[in-house]
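Pasting my_file27.csv here (CSV, C-alpha atoms and all ligand atoms):
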chain,number,residue,atom,x,y,z
A,1,GLY,CA,-9.6,-25.7,1.8
A,2,LYS,CA,-8.4,-22.3,1.1
A,3,SER,CA,-4.7,-22.9,1.8
A,4,MET,CA,-4.8,-26.1,-0.4
A,5,ARG,CA,-6.1,-23.9,-3.3
A,6,GLN,CA,-3.3,-21.4,-2.7
A,7,HIS,CA,-0.8,-24.1,-2.7
A,8,LEU,CA,-2.1,-25.5,-6.0
A,9,LEU,CA,-2.1,-22.0,-7.5
A,10,GLN,CA,1.5,-21.5,-6.4
A,11,LEU,CA,2.4,-24.8,-8.1
A,12,LEU,CA,0.7,-23.8,-11.4
A,13,MET,CA,2.4,-20.4,-11.3
A,14,GLU,CA,5.8,-21.8,-10.7
A,15,GLN,CA,5.5,-23.9,-13.8
A,16,ARG,CA,3.7,-21.4,-16.0
A,17,GLY,CA,4.1,-22.1,-19.7
A,18,SER,CA,4.0,-25.9,-19.2
A,19,PHE,CA,1.6,-28.5,-17.9
A,20,VAL,CA,1.7,-29.8,-14.4
A,21,SER,CA,0.6,-33.4,-14.2
A,22,GLY,CA,-2.3,-34.5,-11.9
A,23,GLN,CA,0.1,-37.0,-10.3
A,24,GLU,CA,2.6,-34.3,-9.4
A,25,ILE,CA,-0.1,-32.1,-7.9
A,26,SER,CA,-1.6,-34.9,-5.9
A,27,ASP,CA,1.9,-35.9,-4.6
A,28,GLU,CA,2.8,-32.3,-3.7
A,29,LEU,CA,-0.6,-31.5,-2.1
A,30,GLY,CA,-1.3,-34.9,-0.7
A,31,CYS,CA,-4.9,-35.0,-2.0
A,32,SER,CA,-7.0,-36.9,-4.5
A,33,ARG,CA,-7.6,-36.2,-8.2
A,34,THR,CA,-11.2,-35.4,-7.3
A,35,ALA,CA,-10.1,-32.8,-4.8
A,36,ILE,CA,-7.7,-31.2,-7.3
A,37,TRP,CA,-10.6,-31.0,-9.8
A,38,LYS,CA,-12.7,-29.2,-7.2
A,39,HIS,CA,-10.0,-26.7,-6.5
A,40,ILE,CA,-9.4,-26.1,-10.2
A,41,SER,CA,-13.2,-25.3,-10.6
A,42,GLU,CA,-13.0,-22.9,-7.7
A,43,LEU,CA,-10.0,-21.1,-9.2
A,44,ARG,CA,-11.8,-20.8,-12.5
A,45,LYS,CA,-14.7,-19.1,-10.7
A,46,GLU,CA,-12.2,-16.6,-9.3
A,47,GLY,CA,-11.2,-15.7,-12.9
A,48,TYR,CA,-8.2,-17.9,-13.5
A,49,VAL,CA,-8.1,-19.6,-16.9
A,50,ILE,CA,-6.7,-23.1,-16.5
A,51,ASP,CA,-6.2,-25.5,-19.4
A,52,ALA,CA,-6.9,-29.2,-18.6
A,53,VAL,CA,-5.6,-31.8,-21.0
A,54,GLN,CA,-5.9,-35.6,-20.5
A,55,ARG,CA,-2.6,-37.3,-19.6
A,56,LYS,CA,-0.8,-33.9,-19.6
A,57,GLY,CA,-2.4,-32.2,-16.6
A,58,TYR,CA,-3.1,-28.6,-15.9
A,59,GLN,CA,-1.7,-25.3,-17.3
A,60,LEU,CA,-2.3,-21.8,-16.0
A,61,MET,CA,-3.1,-19.6,-19.0
A,62,TYR,CA,-4.3,-16.4,-17.4
A,63,ALA,CA,-4.2,-15.0,-13.9
A,64,PRO,CA,-6.7,-12.2,-13.0
A,65,ASN,CA,-5.5,-8.9,-11.5
A,66,ARG,CA,-5.9,-9.8,-7.9
A,67,VAL,CA,-4.0,-9.1,-4.6
A,68,THR,CA,-4.2,-12.5,-3.0
A,69,GLU,CA,-1.2,-14.0,-1.3
A,70,PRO,CA,0.1,-16.2,-4.2
A,71,GLU,CA,-0.3,-13.4,-6.7
A,72,ILE,CA,1.8,-11.1,-4.5
A,73,LYS,CA,4.4,-13.7,-3.5
A,74,ARG,CA,4.9,-14.5,-7.2
A,75,HIS,CA,6.5,-11.1,-7.6
A,76,LEU,CA,8.1,-10.7,-4.2
A,77,GLN,CA,11.7,-11.1,-3.3
A,78,SER,CA,11.8,-9.2,0.0
A,79,THR,CA,12.6,-11.2,3.2
A,80,VAL,CA,10.9,-9.6,6.2
A,81,LEU,CA,8.2,-7.3,4.8
A,82,ALA,CA,5.1,-9.2,3.6
A,83,LYS,CA,6.5,-12.5,4.5
A,84,HIS,CA,3.2,-13.0,6.2
A,85,ILE,CA,0.2,-11.9,4.2
A,86,ARG,CA,-3.4,-11.8,5.3
A,87,TYR,CA,-5.7,-11.3,2.4
A,88,GLU,CA,-9.5,-10.6,2.7
A,89,GLU,CA,-12.1,-10.1,0.0
A,90,SER,CA,-13.9,-7.4,1.9
A,91,VAL,CA,-13.3,-5.7,5.2
A,92,LYS,CA,-14.3,-2.5,7.0
A,93,SER,CA,-10.7,-1.4,7.3
A,94,THR,CA,-7.4,-3.2,7.0
A,95,GLN,CA,-6.1,-0.9,9.8
A,96,GLU,CA,-8.6,-2.5,12.2
A,97,ILE,CA,-7.4,-6.0,11.4
A,98,ALA,CA,-3.7,-5.0,11.5
A,99,GLN,CA,-4.3,-3.4,14.9
A,100,ARG,CA,-5.8,-6.7,16.2
A,101,LEU,CA,-3.1,-8.9,14.7
A,102,SER,CA,-0.5,-6.7,16.2
A,103,TYR,CA,-1.9,-7.0,19.7
A,104,GLU,CA,-1.9,-10.7,19.1
A,105,HIS,CA,1.9,-10.4,18.5
A,106,CYS,CA,2.1,-11.1,14.8
A,107,PRO,CA,5.6,-10.9,13.4
A,108,GLU,CA,7.0,-7.6,12.1
A,109,GLY,CA,6.3,-7.1,8.4
A,110,THR,CA,2.9,-8.8,8.5
A,111,LEU,CA,0.8,-7.3,5.7
A,112,VAL,CA,-3.0,-7.1,5.7
A,113,ILE,CA,-4.6,-6.5,2.3
A,114,ALA,CA,-8.1,-6.4,1.1
A,115,ASP,CA,-9.9,-6.3,-2.3
A,116,GLU,CA,-12.5,-3.9,-0.9
A,117,GLN,CA,-13.0,-1.7,2.2
A,118,THR,CA,-16.4,-0.7,3.4
A,119,GLY,CA,-15.2,1.7,6.1
A,120,GLY,CA,-11.7,2.7,5.0
A,121,ARG,CA,-10.4,5.5,7.1
A,122,GLY,CA,-8.3,8.6,6.5
A,123,ARG,CA,-6.8,11.0,9.1
A,124,LEU,CA,-8.9,12.9,11.7
A,125,GLY,CA,-11.9,10.7,11.3
A,126,ARG,CA,-12.2,11.2,7.6
A,127,SER,CA,-13.1,8.4,5.3
A,128,TRP,CA,-11.2,6.7,2.5
A,129,GLN,CA,-13.1,5.3,-0.5
A,130,SER,CA,-11.9,1.9,-1.4
A,131,PRO,CA,-14.0,0.3,-4.2
A,132,LYS,CA,-13.8,-3.4,-5.0
A,133,GLY,CA,-11.3,-4.9,-7.3
A,134,SER,CA,-9.5,-1.8,-8.5
A,135,GLY,CA,-7.2,-0.5,-5.7
A,136,ILE,CA,-4.5,-1.4,-3.2
A,137,TRP,CA,-5.9,-1.2,0.3
A,138,MET,CA,-3.2,-2.5,2.7
A,139,SER,CA,-1.8,-2.1,6.2
A,140,LEU,CA,1.8,-3.0,7.1
A,141,ILE,CA,2.9,-3.8,10.7
A,142,LEU,CA,6.4,-2.6,11.7
A,143,ARG,CA,8.0,-2.8,15.1
A,144,PRO,CA,10.9,-0.4,15.0
A,145,ASP,CA,13.0,0.3,18.1
A,146,ILE,CA,12.7,4.1,17.8
A,147,PRO,CA,11.4,6.9,20.1
A,148,LEU,CA,7.8,7.8,19.7
A,149,GLN,CA,8.4,11.3,18.3
A,150,LYS,CA,10.3,9.8,15.3
A,151,SER,CA,7.3,7.7,14.1
A,152,PRO,CA,6.2,10.4,11.6
A,153,GLN,CA,9.4,9.6,9.7
A,154,LEU,CA,7.9,6.3,8.7
A,155,THR,CA,5.0,8.0,6.9
A,156,LEU,CA,7.6,9.8,4.8
A,157,LEU,CA,9.6,6.6,4.3
A,158,ALA,CA,6.4,4.9,3.1
A,159,ALA,CA,5.6,7.8,0.8
A,160,VAL,CA,9.0,7.7,-0.8
A,161,SER,CA,8.8,3.9,-1.3
A,162,VAL,CA,5.4,4.1,-3.0
A,163,ALA,CA,6.5,7.0,-5.3
A,164,LYS,CA,9.6,4.9,-6.3
A,165,ALA,CA,7.5,1.8,-6.9
A,166,ILE,CA,5.0,3.7,-9.0
A,167,TYR,CA,7.9,5.0,-11.1
A,168,LYS,CA,9.4,1.5,-11.5
A,169,THR,CA,6.1,-0.2,-12.4
A,170,THR,CA,4.5,2.5,-14.6
A,171,GLY,CA,7.2,5.1,-15.4
A,172,MET,CA,4.9,7.8,-14.0
A,173,GLN,CA,6.5,10.5,-11.9
A,174,ALA,CA,4.5,11.1,-8.7
A,175,GLU,CA,4.9,14.0,-6.4
A,176,ILE,CA,4.6,13.9,-2.6
A,177,LYS,CA,2.5,16.4,-0.7
A,178,TRP,CA,3.4,16.7,2.9
A,179,PRO,CA,2.7,14.7,5.0
A,180,ASN,CA,0.9,11.8,3.4
A,181,ASP,CA,-0.5,12.3,0.0
A,182,ILE,CA,0.9,11.2,-3.3
A,183,LEU,CA,-0.2,13.1,-6.4
A,184,LEU,CA,-0.3,12.4,-10.1
A,185,ASN,CA,-0.7,15.5,-12.2
A,186,GLY,CA,-1.8,17.4,-9.1
A,187,LYS,CA,-4.5,15.0,-8.1
A,188,LYS,CA,-4.4,12.6,-5.2
A,189,ALA,CA,-3.8,8.9,-6.1
A,190,VAL,CA,-2.4,7.6,-2.8
A,191,GLY,CA,-3.1,8.3,0.9
A,192,ILE,CA,-1.1,7.1,3.8
A,193,LEU,CA,-2.3,6.8,7.4
A,194,THR,CA,0.2,5.9,10.1
A,195,GLU,CA,-1.2,4.7,13.5
A,196,LEU,CA,0.7,3.8,16.6
A,197,GLN,CA,0.5,1.3,19.4
A,198,ALA,CA,2.6,2.6,22.2
A,199,GLU,CA,2.8,2.6,25.9
A,200,SER,CA,4.3,5.6,27.6
A,201,ASP,CA,7.2,6.2,25.1
A,202,ARG,CA,7.7,2.7,23.9
A,203,ILE,CA,6.5,1.8,20.5
A,204,HIS,CA,4.8,-1.7,20.2
A,205,ALA,CA,3.9,-1.2,16.6
A,206,VAL,CA,3.6,1.3,13.8
A,207,ILE,CA,0.7,0.4,11.5
A,208,ILE,CA,1.2,2.0,8.1
A,209,GLY,CA,-2.0,2.1,6.0
A,210,ILE,CA,-1.6,2.7,2.3
A,211,GLY,CA,-4.4,3.3,-0.1
A,212,ILE,CA,-3.6,3.4,-3.8
A,213,ASN,CA,-6.1,4.1,-6.6
A,214,VAL,CA,-4.7,1.8,-9.1
A,215,ASN,CA,-7.2,0.9,-11.7
A,216,VAL,CA,-10.1,2.9,-10.2
A,217,ALA,CA,-12.3,4.5,-12.9
A,218,GLU,CA,-13.5,8.0,-12.6
A,219,THR,CA,-17.1,6.8,-12.2
A,220,GLU,CA,-16.1,4.7,-9.2
A,221,PHE,CA,-15.2,7.8,-7.2
A,222,ASP,CA,-17.8,9.7,-5.3
A,223,PRO,CA,-18.8,12.8,-7.3
A,224,SER,CA,-17.3,15.0,-4.5
A,225,LEU,CA,-13.9,13.4,-5.2
A,226,ARG,CA,-13.8,13.6,-9.0
A,227,ASP,CA,-12.0,16.9,-9.1
A,228,ILE,CA,-9.3,16.0,-6.5
A,229,ALA,CA,-8.8,12.3,-6.9
A,230,THR,CA,-7.2,10.2,-9.7
A,231,SER,CA,-5.8,6.8,-10.3
A,232,LEU,CA,-2.8,5.3,-12.0
A,233,LYS,CA,-5.0,4.0,-14.8
A,234,ILE,CA,-6.8,7.3,-15.3
A,235,GLU,CA,-3.4,9.1,-15.7
A,236,GLY,CA,-1.6,6.3,-17.6
A,237,ASN,CA,-4.4,4.9,-19.7
A,238,GLU,CA,-3.3,1.4,-18.8
A,239,ASP,CA,-4.2,-1.4,-16.4
A,240,VAL,CA,-1.6,-1.9,-13.7
A,241,ASN,CA,-1.0,-5.3,-12.1
A,242,ARG,CA,-1.9,-4.7,-8.5
A,243,ALA,CA,0.1,-7.6,-7.0
A,244,LYS,CA,3.2,-6.6,-8.9
A,245,LEU,CA,2.9,-3.0,-7.6
A,246,VAL,CA,2.4,-4.3,-4.0
A,247,ALA,CA,5.5,-6.5,-4.3
A,248,CYS,CA,7.5,-3.6,-5.7
A,249,ILE,CA,6.5,-1.3,-2.8
A,250,MET,CA,7.4,-4.0,-0.3
A,251,GLU,CA,10.9,-4.3,-1.8
A,252,GLU,CA,11.5,-0.6,-1.9
A,253,MET,CA,10.3,-0.3,1.7
A,254,GLU,CA,12.4,-3.2,2.8
A,255,THR,CA,15.5,-1.5,1.5
A,256,LEU,CA,14.7,2.0,2.9
A,257,TYR,CA,13.6,0.5,6.3
A,258,HIS,CA,17.0,-1.2,6.8
A,259,GLU,CA,18.8,1.9,5.7
A,260,TYR,CA,16.6,3.9,8.2
A,261,LEU,CA,17.2,1.6,11.1
A,262,GLN,CA,21.0,1.5,10.4
A,263,ASN,CA,21.8,5.1,9.4
A,264,GLY,CA,18.8,7.2,10.5
A,265,PHE,CA,16.6,9.5,8.5
A,266,GLY,CA,19.2,11.3,6.4
A,267,LEU,CA,18.9,9.6,3.1
A,268,ILE,CA,15.1,9.3,3.3
A,269,LYS,CA,14.9,13.0,4.0
A,270,LEU,CA,16.9,13.7,0.8
A,271,LEU,CA,14.8,11.3,-1.3
A,272,TRP,CA,11.6,12.7,0.2
A,273,GLU,CA,12.6,16.3,-0.7
A,274,GLY,CA,13.3,15.2,-4.2
A,275,TYR,CA,9.7,14.1,-4.6
A,276,ALA,CA,8.1,16.9,-2.6
A,277,GLU,CA,6.0,19.2,-4.7
A,278,SER,CA,5.7,22.0,-2.2
A,279,ILE,CA,9.2,22.8,-1.2
A,280,GLY,CA,10.1,26.4,-2.1
A,281,LYS,CA,6.5,27.1,-2.9
A,282,ARG,CA,3.9,29.3,-1.2
A,283,ILE,CA,1.4,27.2,0.8
A,284,ARG,CA,-1.4,27.6,3.2
A,285,VAL,CA,-1.4,25.3,6.2
A,286,ARG,CA,-4.5,24.4,8.1
A,287,THR,CA,-4.4,22.7,11.5
A,288,LEU,CA,-7.3,21.9,13.7
A,289,HIS,CA,-7.0,25.3,15.4
A,290,GLU,CA,-5.5,27.8,12.9
A,291,GLN,CA,-4.3,28.7,9.5
A,292,LYS,CA,-0.9,30.0,8.4
A,293,GLU,CA,0.6,31.0,5.1
A,294,GLY,CA,4.2,31.1,3.9
A,295,ILE,CA,6.9,29.4,2.0
A,296,ALA,CA,7.6,25.7,2.6
A,297,LYS,CA,11.3,25.5,3.3
A,298,GLY,CA,11.8,21.8,3.8
A,299,ILE,CA,11.5,19.2,6.5
A,300,THR,CA,13.6,18.8,9.7
A,301,GLU,CA,15.5,15.7,10.7
A,302,GLU,CA,12.3,14.6,12.5
A,303,GLY,CA,10.2,14.9,9.4
A,304,VAL,CA,8.5,18.1,10.6
A,305,LEU,CA,7.5,20.7,8.0
A,306,LEU,CA,9.2,24.1,8.1
A,307,LEU,CA,7.1,27.0,7.1
A,308,GLU,CA,8.5,30.6,6.7
A,309,ASP,CA,5.8,33.2,7.2
A,310,ASP,CA,5.9,36.7,5.6
A,311,LEU,CA,7.8,38.1,8.6
A,312,GLY,CA,10.6,35.6,8.1
A,313,GLU,CA,9.6,33.6,11.1
A,314,ILE,CA,10.0,29.8,10.9
A,315,HIS,CA,7.2,27.6,12.1
A,316,HIS,CA,7.4,23.9,12.8
A,317,ILE,CA,4.3,22.2,11.4
A,318,TYR,CA,3.7,18.8,13.0
A,319,SER,CA,0.4,17.9,11.5
A,320,ALA,CA,-1.9,19.8,9.1
A,321,ASP,CA,-3.5,19.9,5.7
A,322,ILE,CA,-1.8,22.0,3.2
A,323,GLU,CA,-3.0,23.9,0.1
A,324,ILE,CA,-0.8,25.1,-2.6
B,401,LIG,C1,-5.5,9.7,3.9
B,401,LIG,O1,-6.2,10.5,4.8
B,401,LIG,O2,-5.2,10.1,2.8
B,401,LIG,C2,-5.1,8.3,4.4
B,401,LIG,C3,-5.8,7.3,3.6
B,401,LIG,C4,-5.3,5.9,4.1
B,401,LIG,C5,-6.1,4.8,3.4
B,401,LIG,C6,-5.6,3.4,3.8
B,401,LIG,S1,-6.3,2.2,2.8
B,401,LIG,C7,-5.6,0.9,3.8
B,401,LIG,C8,-5.7,1.4,5.2
B,401,LIG,N1,-7.0,1.1,5.8
B,401,LIG,C9,-7.7,2.2,6.1
B,401,LIG,O3,-8.8,2.1,6.6
B,401,LIG,N2,-7.0,3.3,5.8
B,401,LIG,C10,-5.7,3.0,5.2
B,401,LIG,P1,-6.5,12.0,4.7
B,401,LIG,O4,-5.3,12.8,4.4
B,401,LIG,O5,-7.3,12.4,5.9
B,401,LIG,O6,-7.4,12.1,3.4
B,401,LIG,C11,-8.8,11.7,3.4
B,401,LIG,C12,-9.5,12.6,2.3
B,401,LIG,O7,-9.1,12.1,1.0
B,401,LIG,C13,-11.0,12.4,2.3
B,401,LIG,O8,-11.6,13.3,3.2
B,401,LIG,C14,-11.4,12.7,0.9
B,401,LIG,O9,-11.4,14.1,0.6
B,401,LIG,C15,-10.2,12.2,0.1
B,401,LIG,N3,-10.4,10.8,-0.4
B,401,LIG,C16,-11.1,9.8,0.1
B,401,LIG,N4,-11.0,8.7,-0.6
B,401,LIG,C17,-10.1,8.9,-1.5
B,401,LIG,C18,-9.6,8.2,-2.6
B,401,LIG,N5,-9.9,6.9,-2.8
B,401,LIG,N6,-8.7,8.8,-3.4
B,401,LIG,C19,-8.4,10.1,-3.3
B,401,LIG,N7,-8.9,10.8,-2.3
B,401,LIG,C20,-9.7,10.3,-1.4

Represent the structure from my file as structure tokens, please.
Amino acid sequence: GKSMRQHLLQLLMEQRGSFVSGQEISDELGCSRTAIWKHISELRKEGYVIDAVQRKGYQLMYAPNRVTEPEIKRHLQSTVLAKHIRYEESVKSTQEIAQRLSYEHCPEGTLVIADEQTGGRGRLGRSWQSPKGSGIWMSLILRPDIPLQKSPQLTLLAAVSVAKAIYKTTGMQAEIKWPNDILLNGKKAVGILTELQAESDRIHAVIIGIGINVNVAETEFDPSLRDIATSLKIEGNEDVNRAKLVACIMEEMETLYHEYLQNGFGLIKLLWEGYAESIGKRIRVRTLHEQKEGIAKGITEEGVLLLEDDLGEIHHIYSADIEI
């Protein structure tokens, strides 16, 4: 049922701008004209506008802004990342599904993406608001052969990839706030959550959860978030095609991930520092147990933040929230 419909959609998308005959569709899909008609009706219910003309066939006139597999694949050229896509209308958390798929040995690069999350999660048990139809809520499964303590580097790699993709798709210049936030005009538009599956010091999988407020309207945010959160649409006054942005992120990540596996963290560190808003500024760092103030000096080869306090002493910050 569902995969037949996706196949049909792919066919219509490949031949956008012209009609695809009923005969061609039924040959390609191996189904009857009545079955095709049924799938066309279902697609129309999902918001696709499809023209049907006797003796000519079907033509796709308009595709809604969705993050389904065919919509993403239409824009995607990457080879390993997002080769396998698991799309869901509504889930508690894409991290949860990715964790399960990973235990079931799904291939590296599998992407789980949902139109809505009802229990999206942030770090340290915090929650992540993920309203329906307007954001990108996705989890990517990687299986890098790296030591456990290097895994935070992948959060920074993801952040750089997202910032680059936002620039390529919208022209907007995002800033990265260590370790995992991406800001537009000082407000949070993206959050990244990296979770690990490991045994002693061997990594089975790194699950990178990325939440992007794409076309989220101000009224969709909880009142408590309205001063600190924003979306690409709020800042740019324009609807952004979510599937295109997902594809662009996957391509940027694919390039940087290969670079990382081959040559290490060096280039990513440089790129990251170029996007970082806090380097050279005075910040306050809050960990679970304490607070520190000082100047953010940069990050180490491991991706650890270096903070110089007022006595000139350098502190290594592994995980914290920072304030500017
Ligand atoms: C994060 O945590 O920023 C990581 C968010 C990761 C979300 C993705 S979505 C796909 C995948 N599946 C999941 O379940 N999660 C991942 P943290 O740094 O702890 O920030 C959380 C804080 O950000 C909250 O306490 C709120 O203050 C704020 N917040 C919540 N929802 C937000 C939103 N949509 N936009 C901006 N800020 C938000």

(request) Would you mind telling me which residue in A:Glu220, A:Asp309, A:Glu108, A:Glu251 lies nearest to ligand LIG 401 (chain B) when using all atoms listed in the file? (result)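 Of A:Glu220, A:Asp309, A:Glu108, A:Glu251, the one nearest ligand LIG 401 (chain B) is A:Glu220, counting all atoms listed in the file.
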
(message) If the limit is 9 Å from any atom of ligand LIG 401 (chain B), counting only C-alpha atoms and all ligand atoms, which residues qualify? Return them as a VMD selection string.
(response) chain A and resid 92 to 96 98 112 to 114 117 to 131 135 to 140 179 to 182 187 to 194 208 to 213 216 221 to 222 224 to 226 228 to 231 321

(request) Please provide as a VMD selection string all residues within 7 Å of range 39-48 of chain A, with the sequence filter that same-chain residues fewer than 5 positions apart are discarded (counting all atoms listed in the file). (result) chain A and resid 5 62 to 64

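For the set A:Pro70, A:Leu157, A:Val80, A:Asn65, the residue with the smallest atom-to-atom gap to Leu8 in chain A is A:Pro70, counting all atoms listed in the file.
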
(request) Work out how far CA of Ser319 in chain A is from CA of Glu175 in chain A, in Å to one decimal. (result) 18.9 Å

(request) Tell me which protein, DNA and RNA residues are within 9 Å of Gln77 in chain A, counting all atoms listed in the file, leaving out same-chain ones fewer than 4 positions away, and put them as an MDAnalysis selection string. (result) chainID A and resid 73 247:248 250:251

Answer as a PDB file with C-alpha atoms, keeping the file's coordinate frame, residues within 6 Å of (-2.3, -9.4, 2.3) using all atoms listed in the file:
ATOM      1  CA  GLU A  69      -1.200 -14.000  -1.300  1.00  0.00           C
ATOM      2  CA  ILE A  85       0.200 -11.900   4.200  1.00  0.00           C
ATOM      3  CA  ARG A  86      -3.400 -11.800   5.300  1.00  0.00           C
ATOM      4  CA  TYR A  87      -5.700 -11.300   2.400  1.00  0.00           C
ATOM      5  CA  LEU A 111       0.800  -7.300   5.700  1.00  0.00           C
ATOM      6  CA  VAL A 112      -3.000  -7.100   5.700  1.00  0.00           C
ATOM      7  CA  ILE A 113      -4.600  -6.500   2.300  1.00  0.00           C
TER       8      ILE A 113
END

(message) As an exercise, work out the distance from CA of Val20 in chain A to CA of Ser78 in chain A in Å and give it to one decimal place.
(response) 27.1 Å

(request) Quick one: pull the distance between CA of Lys168 in chain A and CA of Ser134 in chain A, Å, one decimal. (result)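 Computed distance, CA of Lys168 in chain A to CA of Ser134 in chain A, equals 19.4 Å.
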
(request) Using only C-alpha atoms, pick whichever of A:Leu156, A:Ala174, A:Met4, A:Ile317 has the shortest atom-to-atom distance to Arg286 in chain A. (result) A:Ile317

Need the shell around range 293-308 of chain A: protein/DNA/RNA residues with any atom at most 12 Å away, counting all atoms listed in the file. Skip same-chain ones fewer than 2 positions apart. Format as a short mmCIF file (atom, residue, chain, number, x, y, z; two decimals) with C-alpha atoms, keeping the file's coordinate frame?
data_model
loop_
_atom_site.label_atom_id
_atom_site.label_comp_id
_atom_site.auth_asym_id
_atom_site.auth_seq_id
_atom_site.Cartn_x
_atom_site.Cartn_y
_atom_site.Cartn_z
CA ILE A 146 12.70 4.10 17.80
CA PRO A 147 11.40 6.90 20.10
CA LEU A 148 7.80 7.80 19.70
CA GLN A 149 8.40 11.30 18.30
CA LYS A 150 10.30 9.80 15.30
CA SER A 151 7.30 7.70 14.10
CA PRO A 152 6.20 10.40 11.60
CA GLN A 153 9.40 9.60 9.70
CA LEU A 154 7.90 6.30 8.70
CA THR A 155 5.00 8.00 6.90
CA LEU A 156 7.60 9.80 4.80
CA LEU A 157 9.60 6.60 4.30
CA LYS A 177 2.50 16.40 -0.70
CA TRP A 178 3.40 16.70 2.90
CA PRO A 179 2.70 14.70 5.00
CA ASN A 180 0.90 11.80 3.40
CA GLY A 264 18.80 7.20 10.50
CA PHE A 265 16.60 9.50 8.50
CA GLY A 266 19.20 11.30 6.40
CA LEU A 267 18.90 9.60 3.10
CA ILE A 268 15.10 9.30 3.30
CA LYS A 269 14.90 13.00 4.00
CA LEU A 270 16.90 13.70 0.80
CA LEU A 271 14.80 11.30 -1.30
CA TRP A 272 11.60 12.70 0.20
CA GLU A 273 12.60 16.30 -0.70
CA GLY A 274 13.30 15.20 -4.20
CA TYR A 275 9.70 14.10 -4.60
CA ALA A 276 8.10 16.90 -2.60
CA GLU A 277 6.00 19.20 -4.70
CA SER A 278 5.70 22.00 -2.20
CA ILE A 279 9.20 22.80 -1.20
CA GLY A 280 10.10 26.40 -2.10
CA LYS A 281 6.50 27.10 -2.90
CA ARG A 282 3.90 29.30 -1.20
CA ILE A 283 1.40 27.20 0.80
CA ARG A 284 -1.40 27.60 3.20
CA VAL A 285 -1.40 25.30 6.20
CA ARG A 286 -4.50 24.40 8.10
CA THR A 287 -4.40 22.70 11.50
CA GLU A 290 -5.50 27.80 12.90
CA GLN A 291 -4.30 28.70 9.50
CA ASP A 310 5.90 36.70 5.60
CA LEU A 311 7.80 38.10 8.60
CA GLY A 312 10.60 35.60 8.10
CA GLU A 313 9.60 33.60 11.10
CA ILE A 314 10.00 29.80 10.90
CA HIS A 315 7.20 27.60 12.10
CA HIS A 316 7.40 23.90 12.80
CA ILE A 317 4.30 22.20 11.40
CA TYR A 318 3.70 18.80 13.00
CA SER A 319 0.40 17.90 11.50
CA ALA A 320 -1.90 19.80 9.10
CA ASP A 321 -3.50 19.90 5.70
CA ILE A 322 -1.80 22.00 3.20
CA GLU A 323 -3.00 23.90 0.10
CA ILE A 324 -0.80 25.10 -2.60
#

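With distances taken over all atoms listed in the file, A:Ile176 is the one residue among A:Glu218, A:Gln23, A:Glu88, A:Ile176 lying closest to Val160 in chain A.
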
(request) Return the single residue from A:Lys132, A:Gly17, A:Glu89, A:Thr170 that is closest to Asp239 in chain A, with distances computed using only C-alpha atoms. (result)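 Answer, going by the shortest atom-to-atom distance: A:Thr170.
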
Could you add N, CA and C atoms to range 81-92 of chain A and give me the result as a short mmCIF file (atom, residue, chain, number, x, y, z; two decimals), keeping the file's coordinate frame?
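Saved the output as result_18.cif:
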data_model
loop_
_atom_site.label_atom_id
_atom_site.label_comp_id
_atom_site.auth_asym_id
_atom_site.auth_seq_id
_atom_site.Cartn_x
_atom_site.Cartn_y
_atom_site.Cartn_z
N LEU A 81 9.49 -7.98 5.02
CA LEU A 81 8.20 -7.30 4.80
C LEU A 81 7.33 -8.24 3.88
N ALA A 82 6.09 -8.36 4.29
CA ALA A 82 5.10 -9.20 3.60
C ALA A 82 5.43 -10.64 3.49
N LYS A 83 6.27 -11.09 4.41
CA LYS A 83 6.50 -12.50 4.50
C LYS A 83 5.20 -13.21 4.92
N HIS A 84 4.49 -12.52 5.79
CA HIS A 84 3.20 -13.00 6.20
C HIS A 84 2.11 -12.08 5.60
N ILE A 85 1.20 -12.66 4.83
CA ILE A 85 0.20 -11.90 4.20
C ILE A 85 -1.20 -12.36 4.62
N ARG A 86 -2.05 -11.42 5.02
CA ARG A 86 -3.40 -11.80 5.30
C ARG A 86 -4.31 -11.08 4.32
N TYR A 87 -4.90 -11.88 3.41
CA TYR A 87 -5.70 -11.30 2.40
C TYR A 87 -7.22 -11.51 2.71
N GLU A 88 -8.02 -10.48 2.48
CA GLU A 88 -9.50 -10.60 2.70
C GLU A 88 -10.18 -9.99 1.48
N GLU A 89 -11.32 -10.59 1.13
CA GLU A 89 -12.10 -10.10 0.00
C GLU A 89 -12.67 -8.68 0.36
N SER A 90 -13.28 -8.61 1.53
CA SER A 90 -13.90 -7.40 1.90
C SER A 90 -13.87 -7.16 3.41
N VAL A 91 -13.40 -6.00 3.81
CA VAL A 91 -13.30 -5.70 5.20
C VAL A 91 -13.76 -4.27 5.47
N LYS A 92 -14.00 -3.92 6.71
CA LYS A 92 -14.30 -2.50 7.00
C LYS A 92 -13.04 -1.72 6.79
#
